[in-house]
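Participant: Structure in structure tokens, see below.
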Amino acid sequence: MRTLGTGGPVVSDLGLGCMGMSDLYGPADASESIATVHAALDAGITLLDTGDFYGMGHNELLIREALKGRSRDDVTISVKFGAQRDYDGNWLGYDGRPAAVKTSLAYTLRRLGTDHVDVYRIARVDPNVPIEETVGAIAEEVEKGHVRHVGLSEAGAETIRRAHAVHPIADVQLEYSLLSRGIERDILPACRELGIAVTAYGVLSRGLLSGHWSKDRELGEQDFRAVSPRFSGDNLAHNLALVDALRALAETKEVTVAQLAIAWVLAQGGDIVPLIGARRRERLAEALGALGVAPTAEDLAAIEAAVPAGAAAGERYHEAQLAMLDSER
């Protein structure tokens with residue numbers, strides 16, 4: 001178990017990221033998704049991560065269904081809000097106004113069928129609204145008991161400091177993997193100085209580090225990886241070569257590429273909780289196997305030699321999405 005921040009909730013070493021069960025990675029099977037959530041809970045995972053814009057509310061309704069008959073107190077639900085999308089799923093920006101905070105939360109609580117969210121955060125910092133106003137509005141909901149803890153997502157070090165001065169921040173959700181290590185420069189040190197945890201998403205770089213990706217894999221229109229720079233042309237070939245180097249190390253330890261990649265993130269500190277985006281029970285079982293991998297200092301050095309910091313080809317998002325990240329400013 002790990003603690004989200006100095007005063008945040010105690011959660012399992014791994015969390016389950018539920019986005020792909022509803023959106024952005026192509027079609028998913030609802031019954032298998034619910035079975036995967038059940039398997040995660042039965043295996044001891046207590047942290048479920050979602051967003052109110054994943055499938056336009058579908059993901060929250062899916063989680064509600066999956067939690068029927070389960071004790072609400074046994075689960076930590078983390079919710080992102082603020083993303084504005086049209087009927088076709090296009091991204092229109094982010095809304096961090098206090099009124100939007102309160103409205104979004106009200107709808108989320110109805111969809112989840114609960115009276116509180118454990119961690120609530122804006123998905124991306126709204127550049128048109130001071131972070132103090134957004135966090136202040138969430139803090140008011142903490143006072144009312146509708147939110148237990150305040151989080152952030154893809155926020156830069158300065159923004160994290162400003163937000164934390166308004167209300168203690170439990171964790172910041174950030175992309176962190178062997179292929180995405182930008183937070184190590186300024187953001188991770190700031191979090192550690194303030195006693196804030198990191199919930200790391202994209203630990204398998206959206207499948208690149210899974211060990212199951214092929215250069216010949218066809219992506220549908222609803223899969224955002226079809227326009228992701230790291231999955232395109234020469235970039236993909238370069239990145240899969242890095243995966244092959246990691247595969248050679250994994251084979252020496254008799255583990256899978258995914259397990260080694262997740263174990264590397266786990267080893268970066270007890271204040272980092274990797275989110276596993278498994279949509280199927282078999283992928284979940286593989287990810288859980290990472291908890292049994294104990295890389296030595298020598299192993300970690302070999303892993304980083306195989307996949308050095310900054311070695312990935314291509315940005316982690318396309319240009320329009322990258323421009324929305326406070327963490328990249």
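Residue numbering restarts at 1 for every chain of the structure tokens, chains are lettered A, B, ... in their displayed order, and ligands are numbered from 1 as they appear.
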Quick one: residues within 12 Å of Arg110 of chain A, only C-alpha atoms counted, chain neighbours fewer than 2 positions away excluded, as a ChimeraX atom specification?

Facilitator: /A:52,57,60-61,64,103-108,112-117,146

Participant: With only C-alpha atoms as the basis for distance, which of A:Ala30, A:Ala267, A:Val198, A:Ala190 is at the shortest distance from Ala170 of chain A?

Facilitator: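 For Ala170 of chain A, the nearest of the candidates is A:Val198.
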
Participant: Rank nothing, just name the residue among A:Asn235, A:Ser153, A:Ser180, A:Gln259 nearest to Ile131 of chain A, using only C-alpha atoms.

Facilitator: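 Closest candidate: A:Ser153.
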
Participant: Please return as a list of chain:residue names: the residues of segment 90-251 of chain A that backbone DSSP assigns to strand (DSSP E).

Facilitator: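 Matching residues, listed in order: A:Trp91, A:Leu92, A:Gly93, A:Tyr94, A:Val117, A:Asp118, A:Val119, A:Tyr120, A:Arg121, A:Ile122, A:Val147, A:Arg148, A:His149, A:Val150, A:Gly151, A:Leu152, A:Ser153, A:Ile169, A:Ala170, A:Asp171, A:Val172, A:Gln173, A:Leu174, A:Glu175, A:Ala197, A:Val198, A:Thr199, A:Ala200, A:Tyr201.
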
Participant: What does the distance from atom CA of Pro295 of chain A to atom CA of Asp271 of chain A come to in Å, to one decimal?

Facilitator: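 Atom CA of Asp271 of chain A lies at a distance of 17.4 Å from atom CA of Pro295 of chain A.
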
Participant: Need the shell around segment 280-285 of chain A: protein/DNA/RNA residues with any atom at most 8 Å away, counting only C-alpha atoms. Skip same-chain ones fewer than 6 positions apart. Format as a PDB file with C-alpha atoms, in the first residue's frame?

Facilitator:
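Listing of around13.pdb after writing:
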```pdb
ATOM      1  CA  GLU A  32     -15.229  -7.812 -19.920  1.00  0.00           C
ATOM      2  CA  SER A  33     -14.491  -4.336 -18.576  1.00  0.00           C
ATOM      3  CA  ALA A  35     -15.126  -8.365 -15.046  1.00  0.00           C
ATOM      4  CA  THR A  36     -11.712  -6.694 -15.145  1.00  0.00           C
ATOM      5  CA  ALA A  39     -10.758  -8.980 -10.825  1.00  0.00           C
ATOM      6  CA  ALA A  40      -8.747  -5.900  -9.864  1.00  0.00           C
TER       7      ALA A  40
END
```

Participant: So what do you get for atom CA of Asp95 of chain A versus atom CA of Ile276 of chain A, distance-wise?

Facilitator: 26.8 Å

Participant: Between A:Ile34, A:Leu4, A:Ala287, A:Ala309, which residue has the minimum interatomic distance to Asp118 of chain A, considering only C-alpha atoms?

Facilitator: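 Looking only at the distances to Asp118 of chain A, the closest residue turns out to be A:Leu4.
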
Participant: What gap, in Å, lies between atom CA of Thr50 of chain A and atom CA of Ala313 of chain A?

Facilitator: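 Distance between the two atoms: 28.3 Å.
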
Participant: Please list as number ranges by chain every residue within 10 Å of Glu140 of chain A, counting only C-alpha atoms and excluding residues in the same chain fewer than 4 positions away.

Facilitator: A: 98, 102, 135-136, 144-147, 167

Participant: The selected residues should be written to file as an mmCIF file, in the first residue's frame (atoms: N, CA, C and O atoms).

Facilitator:
```cif
data_model
loop_
_atom_site.group_PDB
_atom_site.id
_atom_site.type_symbol
_atom_site.label_atom_id
_atom_site.label_comp_id
_atom_site.auth_asym_id
_atom_site.auth_seq_id
_atom_site.Cartn_x
_atom_site.Cartn_y
_atom_site.Cartn_z
ATOM 1 N N PRO A 98 -15.240 28.017 -10.965
ATOM 2 C CA PRO A 98 -15.900 27.425 -9.793
ATOM 3 C C PRO A 98 -17.284 26.857 -10.085
ATOM 4 O O PRO A 98 -17.628 25.779 -9.583
ATOM 5 N N LYS A 102 -18.482 22.793 -9.543
ATOM 6 C CA LYS A 102 -19.624 22.333 -8.753
ATOM 7 C C LYS A 102 -20.651 21.581 -9.614
ATOM 8 O O LYS A 102 -21.211 20.568 -9.185
ATOM 9 N N VAL A 135 -9.094 25.279 -7.466
ATOM 10 C CA VAL A 135 -8.829 24.472 -6.268
ATOM 11 C C VAL A 135 -9.674 24.967 -5.096
ATOM 12 O O VAL A 135 -10.165 24.171 -4.284
ATOM 13 N N GLY A 136 -9.884 26.277 -5.018
ATOM 14 C CA GLY A 136 -10.725 26.816 -3.950
ATOM 15 C C GLY A 136 -12.141 26.282 -4.016
ATOM 16 O O GLY A 136 -12.760 25.995 -2.980
ATOM 17 N N LYS A 144 -17.960 20.440 2.421
ATOM 18 C CA LYS A 144 -19.321 19.898 2.409
ATOM 19 C C LYS A 144 -19.342 18.374 2.510
ATOM 20 O O LYS A 144 -20.409 17.784 2.713
ATOM 21 N N GLY A 145 -18.176 17.733 2.322
ATOM 22 C CA GLY A 145 -18.115 16.277 2.394
ATOM 23 C C GLY A 145 -18.324 15.579 1.068
ATOM 24 O O GLY A 145 -18.347 14.343 1.014
ATOM 25 N N HIS A 146 -18.467 16.356 -0.015
ATOM 26 C CA HIS A 146 -18.676 15.745 -1.328
ATOM 27 C C HIS A 146 -17.371 15.283 -1.968
ATOM 28 O O HIS A 146 -17.392 14.481 -2.900
ATOM 29 N N VAL A 147 -16.251 15.819 -1.509
ATOM 30 C CA VAL A 147 -14.914 15.436 -1.979
ATOM 31 C C VAL A 147 -14.059 15.194 -0.747
ATOM 32 O O VAL A 147 -14.143 15.934 0.232
ATOM 33 N N HIS A 167 -5.068 24.703 -0.787
ATOM 34 C CA HIS A 167 -5.562 23.501 -0.103
ATOM 35 C C HIS A 167 -4.547 22.390 -0.334
ATOM 36 O O HIS A 167 -3.980 22.281 -1.425
#
```

Participant: Mind listing the alpha helix (DSSP H) residues of segment 149-263 of chain A, per DSSP on the backbone, as a PyMOL selection string?

Facilitator: chain A and resi 157-166+187-194+233-252+257-263

Participant: Find the residues near Pro274 of chain A: any atom within 7 Å, counting only C-alpha atoms, skip ones fewer than 2 places away on the same chain, and give them as a tab-separated table (two decimals) with N, CA and C atoms, in the first residue's frame.

Facilitator:
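Result written to out-v3.tsv:
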```
chain	number	residue	atom	x	y	z
A	14	LEU	N	-0.68	-0.44	-7.02
A	14	LEU	CA	-1.10	-0.16	-8.39
A	14	LEU	C	-2.55	0.30	-8.38
A	15	GLY	N	-2.89	1.22	-9.27
A	15	GLY	CA	-4.26	1.62	-9.46
A	15	GLY	C	-4.74	1.15	-10.82
A	199	THR	N	0.41	10.04	-9.12
A	199	THR	CA	-0.23	8.88	-9.73
A	199	THR	C	0.17	8.89	-11.19
A	200	ALA	N	0.94	7.90	-11.58
A	200	ALA	CA	1.58	7.86	-12.89
A	200	ALA	C	0.70	7.13	-13.90
A	201	TYR	N	0.30	7.84	-14.95
A	201	TYR	CA	-0.44	7.18	-16.02
A	201	TYR	C	0.49	6.99	-17.22
A	203	VAL	N	2.15	4.36	-17.97
A	203	VAL	CA	3.38	3.66	-17.57
A	203	VAL	C	3.85	2.67	-18.63
A	265	VAL	N	8.82	1.74	-12.81
A	265	VAL	CA	8.10	2.89	-12.25
A	265	VAL	C	7.88	2.70	-10.75
A	266	LEU	N	7.49	1.50	-10.34
A	266	LEU	CA	7.30	1.22	-8.92
A	266	LEU	C	8.56	1.49	-8.11
A	272	ILE	N	5.03	7.19	-5.65
A	272	ILE	CA	4.53	7.08	-7.02
A	272	ILE	C	3.65	5.85	-7.12
A	276	ILE	N	-2.61	1.31	-14.04
A	276	ILE	CA	-2.58	0.30	-15.10
A	276	ILE	C	-3.87	0.40	-15.92
```
